[in-house]
Structure formats: C-alpha cells, structure tokens
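The structure under discussion appears below in the form of structure tokens.
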Amino acid sequence: MEFLARAAEWFIGLFQAGGENFMGLVTGILPTLIVLITFVNSIIKLVGEEKVQRIAQKATKNIFSRYVILPLLSVFFLTNPMCYTFGKFVDEKYKPAFYDAAVSFVHPITGLFPHANASELFVYYGIAEGIKQQGLSLGPIAVRYFIVGLIVIFIRGICTEIITAKMMEKKAVSEEGV
Amino acid sequence: MYRAVKITKGSGGFGGPLIVKPEEGKDIILSVTGGGISPIAQKLADMTGGKVVDGFKTSVPDEQVLIAVVDCGGTARCGVYPKKRIYTVNLTPVGQSGPLAKYITEDIYVSGVTEKDIEYVDENEIIPTKEEVREKIDEIKKATAQKNQEKGNILTRIGKGASKVVGIFFSAGRESIDSVLKNVLPFMAFVSMLIGIILRSGIGDIIANTIAPFSGTLPGLLVISIICALPVLSPLLGPGAVIAQVVGVLVGVEIGKGNIPVQYALPALFAINPQVGADFIPVGLSLGEAEPETVEIGVPAILFSRLITGPLAVIIAFIFSIGLY
C-alpha cells in the first residue's frame, strides 16, 4: 500500500512541477508579451501595409537592402508566415535567396519583437528561461540575437543567391544540350 | 473520367466533410508533405482521377490546384491554402490554429484524415459548387458593407478620427489576446509538462549527460548544426519549429542548472536551428509568387546553402557572444 501511495505521489509530483513552471511562464512572460504585442500590432495598423509595400519595393535594388532591410520589414510588419509574400517584389532569380533570408529571421526577431512569430517563441524563450534562472538579464542576448540574425541572413542571402545562379546556369546548359 | 469524393475528418480532426470533384484545368492534388508524395494524396488522385504533384519538387499555379495535402502541426501550411481558398487536407489532426487560424473553416479544410476517411460520393448527391459558396460569402460581405459616410463638421470629424484610432488599438488588443490564446498558451502548457517531467523524473540527468557535452563546446555545437542542416534531415526537422523549440527548452533547462555555460546560449540558438523553414520552401516561394522552375531550383539551392551557412552562423554567434555575461 505504501508503495502505491508513494508511486502516486511521485506521479502527481511530475505535474505539480510542470504546473509551477506553467505558472511561472504565465506570470513572468505573458503580461509584458500581451501588452507589447498589442503595441506593435497597433503601430503596424497605423502605418498600414501599403506604405510598407512602397518602401519594400525600393529595398529590392541592392544586395544589402534585399537581404537585410526587406526581410526585416516583411517579418516585422507581415509576421510569419505572410512575410514571404514580399518575395513578389524581387526578381525571379533572387526569390529563393530572399525566402532563405526572411525565414531565417523569424526566430532572431522574437527576442525583441515576439509578435512576429508568436507561435514559435520557445526557440528563444526556452534558452532565455535558463539565462533568467542564472539571475542574468535578457537584454544583452536579445539584442545580440537580433544583430547576429541580421548578419546571418545577409550571408545566407548571398550564399543562396550564388548557388541558385549556378544551378540555373547548369540547367540552362543541360537543356540546350538536349 | 473525374469522380467526386467525400473526405471526412479523422479521429481528433477538424472540419469537413468536404465533397470535391476535379474539373478540366483544376484537377491537381498537391502533396506538400515532407518525404515524397503522401499515400493520401496518391489515393485522392487515384479515386478522383486527378493528377498528383509533389509540391516540393514542382510548383503549380494556384488556380489549377484542387486539393492541397499537408502535414502541418498547426503553424503555417494549414492556414496558407485555406487563405487562398484551396481545399486543404491536413494529415495531422489540427484544428483552427496558427497565425492564419481565421481562414481555417469547415467548408475548406479537413484534418486528421486517413485513407479510410475518403470515399466515393453518389453522383446524384448535390455538390455545392464554388459559385454557391462564393455567393454566400458575397451576401455576408454586402450585409457588413457600410454606406459611404458624409463628411460632417469638424467636431464629428475629430470624433470619427479618435474613434478610428481607438478602434485600431482595440482590435490590436483583441488580436494579441487571440494570438496568445491560440499560439502561445498551448505551447506553454506543452513546455511546462515537458519541463516538469524532465526535472522530477530523473530523465533530466540522462539528457544532461548526453546534450551538455555537445552544447557546452564550440565543436559540439558545430556538429549539431551540421546534422540539423543535412538536406535529408532538415525538411523533416522543420515543421512548426517544434523540434527547435523543444531542444531550445532542453538546452535552457541545462543552462539554468549550470550544466551548459551561459556564454554558449547565443551560438546554441543558431546551432539548434539551421533547419528553420526547410520544410516550408515550396510554400514560402509560392507565397512570393515564384515560377515553378524557380521552386524546382530553389528547394535544393536553399537546402544546400544551409550546409554552409548553418555552421557559419554558429561561428559568427560564437564570436559575438564574447563579452556576453
């Protein structure tokens, strides 16, 4: 009997620990998150998609703005997954590279702007929880995650652009051969 | 010869039943599932007489697509096709969820579908056509459409302006609560259950012994990033970023306990995530209105590029974490 009781206690203990954790997440993350998302959502609505689109069209010209500014704008204003629709502004041969850059930014942005990808927050929040438990502040890592994210998507854009171009060339050659 | 089929939801599923029949020029069953054409898509094609196409290999103009078959865990794909008003069959039993939840409705979407949920329809049964559905929507639109408003004097204009701004704030608030309820809280519940079990049951120690040595060194993180970026694996690890999120939580727990040094947090964020969006390339590209030829080349180009940029990202993050904490 005693064994059963202890087993039951152990079993329910698993979920008590989980419940405490849930409470911590809800009181620790949700209040700020809700207000922040509301604020950013209002800004997006006040600015309006048309204005963003006009800026986006201008941002396709050079390589830096194409893989840094454009993904940043689209992920911030349109959020995951509608941000990829901005691919329509870039030339056909740049589309894979733009997608690669945009999709690679949907997590680095969440440290500062969680509204952009609210359903996949825990890539960052999971690791951030650990840092919080160490008693450290999250500001520095959120900012660096954002900056490194921008650098990485820039490199990813260039790299994918080159590979895409090579593969298109190869395909064109092989089709001529036929 | 095209035939109509009825697709009902599976156990735990949502939506439907859908009755669909291909027509000339709109007969493609698009399989947007990782790892080749799904058997369900094949069966739908066999039964209806439509053509099955692997959405990862080729892209098809939307107006030719009759049904999209997806295996989405509830983030993006399950909403993208309903938004385009394409019949969507989700193999995963997922209801209205994700950022596009409002487009996921019973008349266009069905989930949890298995092979036994598809059956032929008696041709005599009445099939509601797209036009009828469209008419219904138009009616609703008309009912909600407002008449042009007169300009009025300054006071009423100020009043209107203010109420417009307040309206925007209010709807922003409603959206964020919606998003928290539908996207954030469910994941918190899942994460909390996981953490509770890991912390109390002793599984945590096993994980710590296997993960920590990897995640606590730069070479270990590089190995993780290369594995996740392998073109055969990355599309399978991608969906809903669930794997990346779970690993993020696990690494977070270990950082909290001090088994992984805090300064590895930033490189770890990139090491666990080189597969981001690898499952979503064809859909993402078609959202950007890419031509089918571009999609064919884009998928392998991005997957291959990740093998280079995945580990590179870890190194950049490692350099940037110098002086952090």
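In the structure tokens, chains take the letters A, B, ... in the order shown, each chain's residues start at 1, and ligands count up from 1 in the order shown.
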Neighbouring residues of Val90 in chain A were defined as those with any atom within 9 Å, considering only C-alpha atoms; residues of the same chain fewer than 6 positions away were excluded. Please report them as a PDB file with C-alpha atoms, in the first residue's frame.
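Full text of result-v8.pdb as output:
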ATOM      1  CA  GLN A  57       9.684  47.877 -53.495  1.00  0.00           C
ATOM      2  CA  THR A  60      14.966  45.305 -53.685  1.00  0.00           C
ATOM      3  CA  LYS A  61      17.664  47.116 -55.639  1.00  0.00           C
ATOM      4  CA  ARG A  66      17.446  42.967 -50.399  1.00  0.00           C
ATOM      5  CA  PHE A  98      15.056  36.197 -50.242  1.00  0.00           C
TER       6      PHE A  98
ATOM      7  CA  GLY B 288       6.306  35.084 -53.060  1.00  0.00           C
TER       8      GLY B 288
END
Counting only C-alpha atoms, a student should be able to say which residues of chain B come within 7 Å of chain A; what is the right answer, written as a count of residues only?
52
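All residues of protein, DNA or RNA that reach within 9 Å of Met1 in chain B, judged by only C-alpha atoms and not counting those fewer than 6 positions away in the chain, are Thr48, Gly49 and Gly50 of chain B.
Using only C-alpha atoms, the shortest contact distance between Leu138 in chain A and any of A:Thr27, A:Phe154, A:Gly111, A:Phe77 is found at A:Gly111.
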Could you find all residues in range 143-230 of chain B that DSSP calls alpha helix (DSSP H) from the backbone, and write them as a PyMOL selection string?
chain B and resi 143-144+154-179+185-201+203-215+218-229
Write out as a CSV table (one decimal) with C-alpha atoms, in the first residue's frame each polymer residue whose atoms come within 6 Å of Ala4 in chain B, counting only C-alpha atoms; drop sequence neighbours fewer than 2 positions from it.
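The file below, around34.csv, is the result:
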chain,number,residue,atom,x,y,z
B,20,VAL,CA,-14.7,17.6,-54.1
B,21,LYS,CA,-14.7,16.8,-57.7
B,48,THR,CA,-10.9,11.3,-58.2
B,121,VAL,CA,-19.9,10.1,-53.5
So that I can check the surroundings of Ile19 in chain B, please list as a count of residues only every protein, DNA and RNA residue that reaches within 7 Å of it, counting only C-alpha atoms and ignoring chain neighbours fewer than 6 positions away.
5
Which distance in Å separates CA of Met47 in chain B and CA of Leu66 in chain B, to one decimal?
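Value for the CA of Met47 in chain B-CA of Leu66 in chain B distance: 13.4 Å.
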